Structure formats: C-alpha cells, structure tokens
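Structure data follow from coords-v6.cif (mmCIF, C-alpha atoms):
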data_input
loop_
_atom_site.label_atom_id
_atom_site.label_comp_id
_atom_site.auth_asym_id
_atom_site.auth_seq_id
_atom_site.Cartn_x
_atom_site.Cartn_y
_atom_site.Cartn_z
CA MET A 11 -23.43 26.25 81.52
CA PRO A 12 -22.51 25.78 85.19
CA GLY A 13 -23.94 27.99 87.88
CA LEU A 14 -27.28 28.76 89.48
CA ARG A 15 -30.36 28.01 87.45
CA LYS A 16 -34.01 28.66 88.14
CA ALA A 17 -35.98 25.44 88.05
CA LYS A 18 -39.38 24.29 89.17
CA LYS A 19 -39.31 22.33 92.39
CA TYR A 20 -38.81 18.75 91.32
CA ASN A 21 -41.61 16.47 92.45
CA TRP A 22 -40.98 13.56 90.09
CA LYS A 23 -41.58 10.26 91.90
CA ASP A 24 -38.43 8.41 92.85
CA SER A 25 -36.69 5.53 91.32
CA ASN A 26 -38.57 3.09 89.22
CA MET A 27 -35.28 1.81 87.83
CA ALA A 28 -34.99 0.01 91.16
CA LEU A 29 -37.99 -2.06 90.07
CA PHE A 30 -35.85 -4.06 87.63
CA GLY A 31 -35.61 -7.59 88.98
CA SER A 32 -38.91 -7.07 90.79
CA ASP A 33 -42.42 -8.34 90.16
CA LEU A 34 -42.91 -5.44 87.73
CA GLU A 35 -40.09 -6.67 85.51
CA ARG A 36 -41.46 -10.20 85.58
CA GLN A 37 -44.91 -8.96 84.60
CA VAL A 38 -43.52 -6.95 81.70
CA LYS A 39 -41.31 -9.82 80.52
CA LYS A 40 -44.26 -12.19 80.57
CA ALA A 41 -46.23 -9.85 78.33
CA ALA A 42 -43.22 -9.39 76.05
CA ALA A 43 -42.77 -13.16 75.75
CA LEU A 44 -46.14 -13.35 74.02
CA GLY A 45 -44.94 -10.85 71.43
CA GLU A 46 -45.29 -7.09 71.43
CA PRO A 47 -47.76 -6.05 68.69
CA ALA A 48 -46.81 -2.37 69.08
CA TRP A 49 -43.41 -3.05 67.51
CA LYS A 50 -44.84 -4.69 64.37
CA ASN A 51 -44.12 -1.67 62.15
CA ALA A 52 -41.63 0.09 64.39
CA GLY A 53 -38.63 1.57 62.60
CA THR A 54 -39.53 0.30 59.15
CA GLN A 55 -39.21 3.72 57.52
CA PRO A 56 -37.94 7.20 58.42
CA GLY A 57 -40.20 9.23 60.68
CA LEU A 58 -41.49 9.61 64.20
CA GLN A 59 -43.56 7.04 66.12
CA ILE A 60 -44.99 7.56 69.61
CA TRP A 61 -46.62 5.19 72.08
CA ARG A 62 -48.19 5.75 75.51
CA ILE A 63 -47.99 3.28 78.39
CA VAL A 64 -51.43 2.25 79.66
CA LYS A 65 -51.48 -0.32 82.49
CA PHE A 66 -48.28 -2.04 81.30
CA ILE A 67 -49.51 -1.98 77.67
CA VAL A 68 -47.81 -0.07 74.85
CA THR A 69 -50.53 1.80 72.95
CA ASP A 70 -50.37 3.94 69.81
CA TRP A 71 -50.47 7.71 70.39
CA PRO A 72 -52.56 9.50 67.70
CA LYS A 73 -50.38 11.18 65.07
CA GLU A 74 -52.45 14.35 65.32
CA ASP A 75 -51.32 14.62 68.96
CA TYR A 76 -47.60 14.17 68.33
CA GLY A 77 -45.82 16.81 70.39
CA LYS A 78 -48.57 16.89 73.05
CA PHE A 79 -47.87 15.07 76.32
CA PHE A 80 -49.63 14.77 79.68
CA ASN A 81 -47.69 14.98 82.94
CA GLY A 82 -49.59 11.99 84.35
CA ASP A 83 -48.38 9.65 81.60
CA SER A 84 -45.22 8.00 80.25
CA TYR A 85 -44.40 7.67 76.56
CA ILE A 86 -41.96 5.97 74.19
CA ILE A 87 -40.77 7.96 71.17
CA LEU A 88 -38.88 6.41 68.24
CA ASN A 89 -37.17 8.57 65.61
CA THR A 90 -36.08 6.62 62.53
CA TYR A 91 -33.81 8.40 60.03
CA THR A 92 -31.09 8.01 57.41
CA GLU A 93 -27.89 9.95 56.92
CA ALA A 94 -26.88 11.51 53.62
CA THR A 95 -24.13 9.04 52.85
CA SER A 96 -26.13 5.86 53.56
CA ALA A 97 -29.57 4.33 53.09
CA ASP A 98 -29.25 2.38 56.33
CA LEU A 99 -31.93 3.17 58.91
CA LYS A 100 -30.74 4.67 62.20
CA TYR A 101 -32.69 5.10 65.40
CA ASP A 102 -33.08 7.19 68.54
CA VAL A 103 -35.55 5.82 71.09
CA HIS A 104 -36.62 7.95 74.06
CA PHE A 105 -38.82 7.30 77.05
CA TRP A 106 -40.48 10.47 78.35
CA ILE A 107 -41.56 10.62 81.97
CA GLY A 108 -44.34 12.97 83.05
CA SER A 109 -43.82 14.64 86.43
CA GLU A 110 -46.89 12.83 87.82
CA SER A 111 -46.47 9.56 85.93
CA SER A 112 -47.01 6.44 88.07
CA GLN A 113 -44.15 4.17 89.04
CA ASP A 114 -45.64 1.30 87.04
CA GLU A 115 -45.85 3.45 83.90
CA TYR A 116 -42.32 4.77 84.32
CA GLY A 117 -40.85 1.31 84.91
CA THR A 118 -42.72 -0.16 81.96
CA ALA A 119 -41.61 2.67 79.65
CA ALA A 120 -37.97 2.17 80.67
CA TYR A 121 -38.11 -1.59 80.18
CA LYS A 122 -40.02 -1.39 76.89
CA THR A 123 -37.48 1.11 75.54
CA VAL A 124 -34.76 -1.50 76.04
CA GLU A 125 -37.02 -4.10 74.45
CA LEU A 126 -37.61 -1.86 71.43
CA ASP A 127 -33.86 -1.38 71.04
CA THR A 128 -33.48 -5.17 71.10
CA PHE A 129 -36.19 -5.45 68.45
CA LEU A 130 -34.15 -3.01 66.33
CA ASP A 131 -31.05 -5.24 66.63
CA ASP A 132 -29.45 -2.98 69.27
CA LYS A 133 -28.94 -0.21 66.72
CA ALA A 134 -30.71 2.57 68.64
CA VAL A 135 -29.35 5.23 70.95
CA GLN A 136 -31.52 5.12 74.07
CA HIS A 137 -32.53 8.28 75.93
CA ARG A 138 -34.35 9.10 79.16
CA GLU A 139 -36.28 12.37 79.11
CA VAL A 140 -37.86 14.03 82.16
CA GLN A 141 -40.67 16.55 81.76
CA GLY A 142 -39.39 20.12 81.74
CA TYR A 143 -35.76 19.10 81.20
CA GLU A 144 -35.90 17.46 77.78
CA SER A 145 -32.78 17.23 75.63
CA GLU A 146 -32.35 19.50 72.61
CA LEU A 147 -32.53 16.42 70.36
CA PHE A 148 -35.92 15.46 71.78
CA LYS A 149 -37.34 18.96 71.43
CA SER A 150 -36.07 19.19 67.83
CA TYR A 151 -38.60 16.55 66.73
CA PHE A 152 -41.53 18.86 67.41
CA THR A 153 -41.15 21.82 65.08
CA LYS A 154 -44.40 23.34 66.31
CA GLY A 155 -43.24 23.17 69.91
CA LEU A 156 -43.48 20.69 72.77
CA VAL A 157 -46.81 20.88 74.63
CA THR A 158 -47.16 19.50 78.17
CA MET A 159 -50.53 19.41 79.93
CA GLU A 160 -51.78 18.55 83.42
CA GLY A 161 -53.52 15.22 83.97
CA GLY A 162 -53.48 12.04 81.91
CA ALA A 163 -54.45 11.41 78.32
CA ASP A 164 -57.79 10.06 79.51
CA THR A 165 -58.63 13.60 80.65
CA GLY A 166 -57.98 14.72 77.02
CA PHE A 167 -58.38 18.10 75.43
CA ARG A 168 -59.76 17.33 71.97
CA HIS A 169 -63.08 15.58 72.35
CA VAL A 170 -64.35 17.14 75.58
CA GLU A 171 -67.37 19.42 75.18
CA PRO A 172 -66.11 23.03 75.46
CA THR A 173 -68.71 23.95 78.11
CA LYS A 174 -67.37 21.14 80.32
CA TYR A 175 -63.72 21.93 79.62
CA LYS A 176 -61.32 22.44 82.54
CA THR A 177 -59.85 25.95 82.35
CA ARG A 178 -56.09 25.79 81.73
CA LEU A 179 -53.31 28.37 81.57
CA LEU A 180 -50.45 27.53 79.18
CA GLN A 181 -47.06 29.23 78.92
CA VAL A 182 -45.37 29.52 75.51
CA PHE A 183 -41.63 30.02 75.88
CA GLY A 184 -38.26 29.36 74.24
CA LYS A 185 -36.23 30.61 71.32
CA GLY A 186 -36.45 30.01 67.58
CA ALA A 187 -37.51 26.49 66.69
CA ASN A 188 -37.12 25.19 70.25
CA LEU A 189 -40.39 26.53 71.60
CA SER A 190 -42.29 24.72 74.33
CA ILE A 191 -45.82 25.00 75.67
CA ARG A 192 -46.53 23.89 79.22
CA GLU A 193 -49.46 24.11 81.57
CA VAL A 194 -48.84 26.35 84.59
CA PRO A 195 -50.92 27.16 87.70
CA LEU A 196 -54.09 29.11 87.03
CA SER A 197 -52.76 32.22 88.75
CA LYS A 198 -51.67 35.78 88.03
CA LYS A 199 -48.34 34.85 89.60
CA SER A 200 -47.69 32.53 86.66
CA LEU A 201 -47.63 35.45 84.21
CA ASN A 202 -44.51 37.32 83.14
CA SER A 203 -43.65 39.90 80.48
CA ASP A 204 -41.16 37.72 78.58
CA ASP A 205 -43.52 35.04 77.29
CA VAL A 206 -46.95 34.45 75.78
CA PHE A 207 -49.73 32.75 77.74
CA ILE A 208 -52.84 30.99 76.49
CA LEU A 209 -55.88 30.87 78.75
CA ASP A 210 -58.16 28.11 77.51
CA ALA A 211 -61.62 28.36 79.06
CA GLY A 212 -63.34 26.01 76.63
CA THR A 213 -65.59 28.35 74.68
CA THR A 214 -63.14 31.28 74.75
CA VAL A 215 -59.37 31.04 74.34
CA TRP A 216 -57.22 34.09 75.08
CA GLN A 217 -53.67 34.71 73.83
CA TYR A 218 -51.93 37.03 76.30
CA ASN A 219 -48.79 38.61 74.79
CA GLY A 220 -46.21 39.72 77.35
CA ASN A 221 -44.59 43.08 76.57
CA SER A 222 -41.21 41.43 75.82
CA ALA A 223 -42.48 38.24 74.17
CA SER A 224 -40.67 37.27 70.98
CA PRO A 225 -42.26 37.17 67.51
CA PHE A 226 -41.65 33.40 67.48
CA GLU A 227 -43.66 32.95 70.69
CA LYS A 228 -46.49 35.10 69.39
CA ALA A 229 -46.65 33.30 66.05
CA ARG A 230 -46.57 29.83 67.65
CA SER A 231 -49.26 30.87 70.13
CA MET A 232 -51.52 32.10 67.34
CA GLU A 233 -51.08 28.80 65.50
CA PHE A 234 -51.87 26.86 68.68
CA LEU A 235 -54.95 29.01 69.33
CA GLN A 236 -56.20 28.44 65.77
CA ASN A 237 -55.68 24.69 66.15
CA ILE A 238 -57.87 24.71 69.26
CA GLU A 239 -60.58 26.57 67.36
CA GLY A 240 -60.41 24.02 64.56
CA GLU A 241 -60.47 21.01 66.89
CA ARG A 242 -63.62 22.30 68.59
CA ALA A 243 -65.46 22.81 65.32
CA GLY A 244 -66.43 26.42 65.85
CA HIS A 245 -67.43 26.03 69.51
CA ALA A 246 -64.37 27.97 70.73
CA LYS A 247 -63.50 31.60 69.90
CA GLY A 248 -59.94 32.98 70.09
CA GLU A 249 -59.00 36.47 71.26
CA VAL A 250 -55.57 38.14 71.36
CA ILE A 251 -54.78 40.58 74.17
CA ASP A 252 -51.59 42.49 74.99
CA GLU A 253 -50.13 43.06 78.44
CA HIS A 254 -49.74 46.82 77.94
CA SER A 255 -53.37 47.37 76.93
CA ILE A 256 -55.40 44.94 79.06
CA SER A 257 -57.27 46.28 82.11
CA GLU A 258 -57.41 44.64 85.54
CA GLY A 259 -61.15 44.16 85.14
CA HIS A 260 -60.80 42.03 82.00
CA GLU A 261 -62.42 38.58 82.03
CA PHE A 262 -58.95 37.10 81.47
CA PHE A 263 -57.82 38.17 84.96
CA LYS A 264 -61.09 37.14 86.60
CA LEU A 265 -60.49 33.54 85.54
CA LEU A 266 -57.02 33.61 87.07
CA GLU A 267 -58.19 34.69 90.51
CA ALA A 268 -59.26 31.16 91.43
CA ASP A 269 -55.69 30.17 92.34
CA GLU A 270 -53.13 32.60 93.68
CA SER A 271 -50.60 29.97 94.72
CA GLY A 272 -48.40 30.51 91.67
CA SER A 273 -45.49 28.30 90.66
CA GLU A 274 -42.67 27.68 93.10
CA GLU A 275 -39.09 27.94 91.92
CA GLU A 276 -35.82 27.21 93.62
CA GLU A 277 -32.19 27.66 92.78
CA CYS A 278 -30.45 24.60 91.34
CA GLU A 279 -26.66 24.65 91.57
CA ILE A 280 -25.11 23.16 88.43
CA PRO A 281 -21.56 21.88 89.15
CA ASP A 282 -18.68 22.74 86.86
CA GLU A 283 -16.60 19.57 87.27
CA LYS A 284 -17.20 16.72 84.86
CA LYS A 285 -16.93 13.19 86.21
CA LEU A 286 -16.39 9.73 84.73
CA PHE A 287 -17.56 6.52 86.40
CA CYS A 288 -17.06 2.88 85.44
CA VAL A 289 -19.49 -0.05 85.66
CA SER A 290 -17.38 -3.21 85.78
CA ASP A 291 -17.68 -6.83 86.88
CA ASP A 292 -13.98 -7.69 86.60
CA SER A 293 -13.93 -8.59 90.29
CA GLY A 294 -16.80 -11.03 89.86
CA GLN A 295 -19.34 -8.54 91.14
CA ILE A 296 -20.83 -5.46 89.50
CA LYS A 297 -19.11 -2.36 90.87
CA PHE A 298 -19.76 1.31 90.15
CA SER A 299 -16.87 3.63 90.87
CA GLU A 300 -15.56 7.06 89.96
CA VAL A 301 -12.42 6.86 87.82
CA LYS A 302 -11.73 10.45 86.81
CA SER A 303 -12.86 14.05 87.21
CA GLY A 304 -12.11 17.29 85.38
CA LYS A 305 -10.96 17.03 81.76
CA ILE A 306 -12.31 13.84 80.16
CA ASP A 307 -11.86 12.78 76.55
CA GLN A 308 -12.62 9.89 74.21
CA SER A 309 -9.48 7.97 75.18
CA ASP A 310 -10.85 7.55 78.71
CA LEU A 311 -13.72 5.41 77.40
CA GLY A 312 -12.53 1.82 77.14
CA SER A 313 -14.02 -1.08 75.17
CA ASP A 314 -14.13 -3.60 78.01
CA ASP A 315 -16.54 -1.87 80.38
CA VAL A 316 -19.50 0.47 80.64
CA PHE A 317 -18.77 4.10 81.53
CA LEU A 318 -20.99 6.85 82.87
CA PHE A 319 -19.96 10.37 81.86
CA ASP A 320 -21.55 13.18 83.86
CA SER A 321 -21.02 16.34 81.78
CA CYS A 322 -22.90 18.42 84.41
CA GLU A 323 -25.67 19.11 81.88
CA GLN A 324 -26.33 15.56 80.62
CA ILE A 325 -25.49 11.94 81.48
CA PHE A 326 -23.96 9.65 78.85
CA VAL A 327 -23.75 5.88 79.30
CA TRP A 328 -20.98 4.51 77.07
CA ILE A 329 -21.33 0.78 76.25
CA GLY A 330 -17.94 -0.68 75.36
CA LYS A 331 -18.10 -3.27 72.58
CA ASN A 332 -16.50 -5.92 74.84
CA ALA A 333 -18.56 -5.11 77.94
CA SER A 334 -20.19 -8.08 79.63
CA PRO A 335 -23.97 -8.66 79.49
CA ALA A 336 -24.24 -7.74 83.18
CA GLU A 337 -22.38 -4.47 82.63
CA LYS A 338 -24.55 -3.59 79.65
CA ARG A 339 -27.74 -4.42 81.53
CA ASN A 340 -26.89 -2.17 84.47
CA GLY A 341 -25.71 0.96 82.64
CA MET A 342 -29.04 2.80 82.60
CA THR A 343 -29.84 1.71 86.15
CA TYR A 344 -26.60 3.14 87.50
CA ALA A 345 -27.11 6.35 85.52
CA HIS A 346 -30.58 6.76 86.98
CA ASN A 347 -29.38 6.04 90.52
CA HIS A 348 -26.48 8.46 90.09
CA CYS A 349 -28.90 11.21 89.05
CA MET A 350 -31.17 10.53 92.01
CA LYS A 351 -28.26 11.10 94.41
CA THR A 352 -27.56 14.55 92.98
CA ASN A 353 -29.56 17.80 92.93
CA ARG A 354 -30.10 17.13 89.21
CA PRO A 355 -32.34 14.02 89.07
CA PHE A 356 -33.96 15.41 85.94
CA LEU A 357 -30.90 15.30 83.65
CA PRO A 358 -31.34 13.69 80.22
CA ILE A 359 -29.65 10.27 79.99
CA HIS A 360 -28.27 8.92 76.69
CA VAL A 361 -27.06 5.35 76.15
CA VAL A 362 -24.43 5.20 73.39
CA LYS A 363 -22.85 2.01 72.10
CA GLU A 364 -19.22 2.02 70.99
CA GLY A 365 -18.97 2.46 67.23
CA ARG A 366 -22.17 4.50 67.07
CA ASN A 367 -21.42 8.17 66.43
CA TYR A 368 -23.32 10.56 68.66
CA ALA A 369 -22.62 14.25 68.18
CA SER A 370 -23.82 15.38 71.62
CA LEU A 371 -21.28 13.11 73.33
CA ASP A 372 -18.47 14.37 71.10
CA ILE A 373 -19.39 17.95 71.91
CA ALA A 374 -19.55 17.27 75.66
CA LEU A 375 -16.16 15.55 75.64
CA SER A 376 -14.50 18.35 73.71
CA ALA A 377 -16.01 21.20 75.77
#
What do you get writing this file as structure tokens?
Amino acid sequence: MPGLRKAKKYNWKDSNMALFGSDLERQVKKAAALGEPAWKNAGTQPGLQIWRIVKFIVTDWPKEDYGKFFNGDSYIILNTYTEATSADLKYDVHFWIGSESSQDEYGTAAYKTVELDTFLDDKAVQHREVQGYESELFKSYFTKGLVTMEGGADTGFRHVEPTKYKTRLLQVFGKGANLSIREVPLSKKSLNSDDVFILDAGTTVWQYNGNSASPFEKARSMEFLQNIEGERAGHAKGEVIDEHSISEGHEFFKLLEADESGSEEEECEIPDEKKLFCVSDDSGQIKFSEVKSGKIDQSDLGSDDVFLFDSCEQIFVWIGKNASPAEKRNGMTYAHNHCMKTNRPFLPIHVVKEGRNYASLDIALSA
C-alpha cells in the first residue's frame, strides 16, 4: 500500500543493466556460444532449480541449500510447473541480486536469465529480485523461509569447523508461510520484541524469542536451530531463551556487545499514482516515454510495443506479441533504469509476454 515504509538503507551497487552492449556482454555471449552446460536439464520436469554465478560461470547450487542465499552473490532460480488443466510445462525464472553482489555477477545473472528463457523457447516469465524486497511469488517457493546471510557462498556455513565459525545474528520475521531469515548486525540494537533472533556462535546456538513473536516464527526458528545442530554433527548445542526471562549478564548479550552500530533505517515514500510507459522504435529510434498515469487497465497495453507498468509496488514489463526485436531486448533495461531513478530501486521486476497469463499483473491492473 502507498505511504511511508521503513526500509533498510539501500546500498545495492548501481546499474549493471548498463553493461549490456559492453565488454561484459561480449564475454558472456562468447561463453554462451560454446554451449551452456548448466541448462542441460533445465526445465525438464516440475520443480525448483537454482544456480549461482561464479566468475561469469553458472554453477549448480546444492539442493540442501535451496532457500539459503548470500548477500555477496547472485543467483538464478527456475521454477517449472504445470497447471491443473494442462500437462504443458510452464516456467518462472528469477535472478536474485545480493546487496553486496559484484557488478560482474549481477550483469551475468541478468544476461543468463534471458538466455535461459531463450533456451526454454521464450515460455518463461522473467523476474528480477533484490535482496530484502523479494516478490511474494519468489518467497512462496521456500516453505521453510528465505534465509539471507552475510558474505559469499565461499564463506559457507555448513562445512566450517564450529570453533572457527564467525558469530552471526539472524532475524526470523514474517507471517504464516512467508517467513524470512536474514543476517543482521551483531548488536543489541538489532533486537526487537516482535520477532525471533538466532545467535549462532558455532558451538552454541541461541534462539531468542521476543515477547510478541508469533508461534510461526518460534516454530520456524526451532526447526532452523535443529538443522544447524544436525549439519554440525553434534558439535553445536541449541538453547532457547525468552526476552522476558533473560538477564543482562547472560552470555547471549555478551556476544552482542562487540558491535553497537545497529541497523540503520530510513523512511521510503511509496507513491500512490500508477504510471504506464512505452518502449517503442516507431520513429526509427528506441524511445521510452510516459503515456498514462492514474487508472490503468489491460486495454492500455497494446500488441505492437513494449510497455512498462509501475504499480508503485512492482514493475511489470509487458511484451506485445508484435513488438520489434529491439523493443523486446530493451524492456528489462528500461525497467531497471526507471527503478534506479526513483526512491524504489529495489522493486521486483516481472517480464510478461502477451498471451501468457500472470495473476500478479491482473491484480495490479484491477486494483
């Protein structure tokens, strides 16, 4: 809904979409020309597949780590599914950008997402996801919650010896099935009474239940804590503590005293006026222009061009069936650049081709 919203200060590195047409794109295309082995079994059956970008290379992400992401990395996520009335395979392909992901990783993930869609005969809906602002669709894939950690996958959390483990504080928050787990600064200022926090010190893992935390948060936290114990083969012990009963002298608080900086938040003004833009080359040159604001419906989306619909909460790129190759190629780029010029550079972006039903777009248009 429109209005002021608390959000972490946004430090995501600017604009790798601008790298298209650059040396980066040429490097990626050269690799793609040799054939992309990662796509060999992509989309062959219903289910989730995840890859991480490592130095321009698409690498498999272990299935046991699905739902766990590092803020220093970029990932590609493919969801393959069928609908009740048909056996035809359908696809949603997302690229997820960690807040500290490098420009090369981000640009490669964006380009490879388009390549994967091409591999799937242009049948996928493409999505851009930014850490901390993921779409509801993306979060729905991870029924045990979305976990985001500091660092890169090479700093991992499974195979490190517990005594050498970097102490982390994780916040468990959300409602119902849409729970998320994210790493927050190792500080008392990060705590609140509404959520559950997990302090992972390697050999001891504490679950700190805020006074107003929900049963869903507590249950998910317990499951996460037990998973850590299992992964470390008995070398880590879990302990549950409650806000109302813990003393200031508890070891839990002593480990938090190392960093009192806390997390910074700022107000983010969400506008209440929807806008529609058009990407067209009718004049002989690609032009991006606003065509309407306020009430926008399906009839405003034509077949001959590419349209960008800013619903205030999400960005939809509509690909008309008769749009030119240049218009189609520039849709995501213009959406990204549009976001970067607003105070909402983190908005989810969805690329929808005409004729492909997408419920979120229908809902946004009818709202």
Of the listed residues A:Arg354, A:Lys285, A:Lys185, A:His104, that which approaches Ser145 in chain A most closely, counting all atoms listed in the file: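 Smallest separation from Ser145 in chain A among the options: A:His104.
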Report, in Å with one decimal, the straight-line distance from CA of Gly312 in chain A to CA of Gly341 in chain A.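 Separation of CA of Gly312 in chain A and CA of Gly341 in chain A: 14.3 Å.
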Result set, the PyMOL selection byres ((chain A and resi 73-83) around 6) on current file, as a PDB file with C-alpha atoms, in the coordinates of the input:
ATOM      1  CA  PRO A  72     -52.560   9.500  67.700  1.00  0.00           C
ATOM      2  CA  SER A  84     -45.220   8.000  80.250  1.00  0.00           C
ATOM      3  CA  GLY A 108     -44.340  12.970  83.050  1.00  0.00           C
ATOM      4  CA  SER A 109     -43.820  14.640  86.430  1.00  0.00           C
ATOM      5  CA  GLU A 110     -46.890  12.830  87.820  1.00  0.00           C
ATOM      6  CA  SER A 111     -46.470   9.560  85.930  1.00  0.00           C
ATOM      7  CA  PHE A 152     -41.530  18.860  67.410  1.00  0.00           C
ATOM      8  CA  LEU A 156     -43.480  20.690  72.770  1.00  0.00           C
ATOM      9  CA  VAL A 157     -46.810  20.880  74.630  1.00  0.00           C
ATOM     10  CA  THR A 158     -47.160  19.500  78.170  1.00  0.00           C
ATOM     11  CA  MET A 159     -50.530  19.410  79.930  1.00  0.00           C
ATOM     12  CA  GLU A 160     -51.780  18.550  83.420  1.00  0.00           C
ATOM     13  CA  GLY A 161     -53.520  15.220  83.970  1.00  0.00           C
ATOM     14  CA  GLY A 162     -53.480  12.040  81.910  1.00  0.00           C
TER      15      GLY A 162
END
Selected residue of minimal separation from Ile63 in chain A among A:Asp315, A:Glu227, A:Glu249, A:Glu115, counting all atoms listed in the file: A:Glu115
Which distance in Å separates CA of His245 in chain A and CA of Gly212 in chain A, to one decimal? 8.2 Å
Atomic separation - CA of Val289 in chain A relative to CA of Tyr344 in chain A, Å: 8.0 Å
For this structure, which residues satisfy the selection - the PyMOL selection byres ((chain A and resi 223) around 6) - when it is evaluated on the file as given? I want them as number ranges by chain. A: 204-205, 220-222, 224
List the neighbours of Thr54 in chain A out to 10 Å using only C-alpha atoms; skip same-chain residues closer than 6 positions along the sequence, and give me the result as an mmCIF file with C-alpha atoms, in the frame of the given file.
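The resulting result20.cif:
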data_model
loop_
_atom_site.group_PDB
_atom_site.id
_atom_site.type_symbol
_atom_site.label_atom_id
_atom_site.label_comp_id
_atom_site.auth_asym_id
_atom_site.auth_seq_id
_atom_site.Cartn_x
_atom_site.Cartn_y
_atom_site.Cartn_z
ATOM 1 C CA THR A 90 -36.080 6.620 62.530
ATOM 2 C CA TYR A 91 -33.810 8.400 60.030
ATOM 3 C CA LEU A 99 -31.930 3.170 58.910
ATOM 4 C CA LEU A 130 -34.150 -3.010 66.330
#
Which polymer residues have any atom within 8 Å of an atom of Ile87 in chain A, counting all atoms listed in the file, with same-chain residues fewer than 5 positions away left out, as an MDAnalysis selection string? chainID A and resid 58:61 103:106
From the list A:Asp132, A:Ala243, A:Ile86, A:Ser150, which residue is nearest Lys338 in chain A when using only C-alpha atoms?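 Comparing A:Asp132, A:Ala243, A:Ile86, A:Ser150 against Lys338 in chain A, the winner is A:Asp132.
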Write out, as a tab-separated table, each residue of range 136-244 of chain A that has an atom at most 10 Å from range 120-124 of chain A, together with the closest pair of atoms and their distance in Å to one decimal, counting all atoms listed in the file, rows going by chain and rising number.
residue	atom	partner	partner_atom	distance
A:Gln136	CA	A:Thr123	CA	7.3
A:His137	CA	A:Thr123	CA	8.7
A:Arg138	CA	A:Ala120	CA	8.0
6 Å per side around range 214-218 of chain A: axis-aligned box centre and edge lengths, as lines of an AutoDock Vina configuration file:
center_x = -57.5
center_y = 34.0
center_z = 75.1
size_x = 23.2
size_y = 18.0
size_z = 14.5
Apply the PyMOL selection byres ((chain A and resi 377) around 10) to the displayed file and report the matching residues as a tab-separated table (two decimals) with C-alpha atoms, keeping the file's coordinate frame.
chain	number	residue	atom	x	y	z
A	305	LYS	CA	-10.96	17.03	81.76
A	306	ILE	CA	-12.31	13.84	80.16
A	307	ASP	CA	-11.86	12.78	76.55
A	321	SER	CA	-21.02	16.34	81.78
A	371	LEU	CA	-21.28	13.11	73.33
A	372	ASP	CA	-18.47	14.37	71.10
A	373	ILE	CA	-19.39	17.95	71.91
A	374	ALA	CA	-19.55	17.27	75.66
A	375	LEU	CA	-16.16	15.55	75.64
A	376	SER	CA	-14.50	18.35	73.71
Excluding Glu283 in chain A and any residue of its chain fewer than 3 positions from it, enumerate the residues within 8 Å of it, using only C-alpha atoms, and give them as a PyMOL selection string. chain A and resi 303-304+321-322
Could you check the closest approach to Ser290 in chain A for each of A:Lys199, A:Arg242, A:Arg339, A:His254 and tell me which residue wins, using only C-alpha atoms? A:Arg339
Any idea what's packed within 8 Å of Leu286 in chain A, counting only C-alpha atoms, ignoring anything in its chain fewer than 3 positions away? Could you give it as number ranges by chain? A: 300-303, 306, 317-320
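Proximity ranking of A:Leu265, A:Leu179, A:Val361, A:Leu88 relative to Pro56 in chain A places A:Leu88 first, based on all atoms listed in the file.
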Near Ile191 in chain A, counting all atoms listed in the file, which residues have an atom at most 8 Å away, once you skip same-chain residues fewer than 2 positions from it, shown as a short mmCIF file (atom, residue, chain, number, x, y, z; two decimals) with C-alpha atoms, in the coordinates of the input?
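File produced: around.cif:
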data_model
loop_
_atom_site.label_atom_id
_atom_site.label_comp_id
_atom_site.auth_asym_id
_atom_site.auth_seq_id
_atom_site.Cartn_x
_atom_site.Cartn_y
_atom_site.Cartn_z
CA GLY A 155 -43.24 23.17 69.91
CA LEU A 156 -43.48 20.69 72.77
CA VAL A 157 -46.81 20.88 74.63
CA THR A 158 -47.16 19.50 78.17
CA LEU A 180 -50.45 27.53 79.18
CA GLN A 181 -47.06 29.23 78.92
CA VAL A 182 -45.37 29.52 75.51
CA PHE A 183 -41.63 30.02 75.88
CA LEU A 189 -40.39 26.53 71.60
CA GLU A 193 -49.46 24.11 81.57
#
Using only C-alpha atoms, which residue out of A:Ala345, A:Ile251, A:Arg62, A:Trp328 lies closest to Phe298 in chain A? A:Ala345
Where atoms are lacking, range 144-154 of chain A completed to N, CA, C and O atoms, as an mmCIF file, in the coordinates of the input:
data_model
loop_
_atom_site.group_PDB
_atom_site.id
_atom_site.type_symbol
_atom_site.label_atom_id
_atom_site.label_comp_id
_atom_site.auth_asym_id
_atom_site.auth_seq_id
_atom_site.Cartn_x
_atom_site.Cartn_y
_atom_site.Cartn_z
ATOM 1 N N GLU A 144 -36.147 18.288 78.955
ATOM 2 C CA GLU A 144 -35.900 17.460 77.780
ATOM 3 C C GLU A 144 -34.623 17.894 77.054
ATOM 4 O O GLU A 144 -34.242 19.065 77.074
ATOM 5 N N SER A 145 -33.986 16.933 76.404
ATOM 6 C CA SER A 145 -32.780 17.230 75.630
ATOM 7 C C SER A 145 -33.131 18.032 74.385
ATOM 8 O O SER A 145 -34.279 18.027 73.920
ATOM 9 N N GLU A 146 -32.130 18.717 73.827
ATOM 10 C CA GLU A 146 -32.350 19.500 72.610
ATOM 11 C C GLU A 146 -32.746 18.582 71.453
ATOM 12 O O GLU A 146 -33.552 18.951 70.597
ATOM 13 N N LEU A 147 -32.174 17.375 71.418
ATOM 14 C CA LEU A 147 -32.530 16.420 70.360
ATOM 15 C C LEU A 147 -34.012 16.098 70.427
ATOM 16 O O LEU A 147 -34.717 16.125 69.406
ATOM 17 N N PHE A 148 -34.512 15.798 71.611
ATOM 18 C CA PHE A 148 -35.920 15.460 71.780
ATOM 19 C C PHE A 148 -36.820 16.610 71.329
ATOM 20 O O PHE A 148 -37.773 16.418 70.571
ATOM 21 N N LYS A 149 -36.506 17.810 71.769
ATOM 22 C CA LYS A 149 -37.340 18.960 71.430
ATOM 23 C C LYS A 149 -37.301 19.267 69.934
ATOM 24 O O LYS A 149 -38.263 19.811 69.386
ATOM 25 N N SER A 150 -36.196 18.890 69.262
ATOM 26 C CA SER A 150 -36.070 19.190 67.830
ATOM 27 C C SER A 150 -37.074 18.415 66.975
ATOM 28 O O SER A 150 -37.348 18.799 65.839
ATOM 29 N N TYR A 151 -37.633 17.327 67.496
ATOM 30 C CA TYR A 151 -38.600 16.550 66.730
ATOM 31 C C TYR A 151 -39.909 17.294 66.509
ATOM 32 O O TYR A 151 -40.642 17.012 65.566
ATOM 33 N N PHE A 152 -40.209 18.224 67.408
ATOM 34 C CA PHE A 152 -41.530 18.860 67.410
ATOM 35 C C PHE A 152 -41.381 20.307 66.963
ATOM 36 O O PHE A 152 -41.215 21.220 67.771
ATOM 37 N N THR A 153 -41.423 20.511 65.660
ATOM 38 C CA THR A 153 -41.150 21.820 65.080
ATOM 39 C C THR A 153 -42.190 22.860 65.477
ATOM 40 O O THR A 153 -41.925 24.054 65.413
ATOM 41 N N LYS A 154 -43.357 22.413 65.874
ATOM 42 C CA LYS A 154 -44.400 23.340 66.310
ATOM 43 C C LYS A 154 -44.371 23.570 67.819
ATOM 44 O O LYS A 154 -45.231 24.240 68.366
#
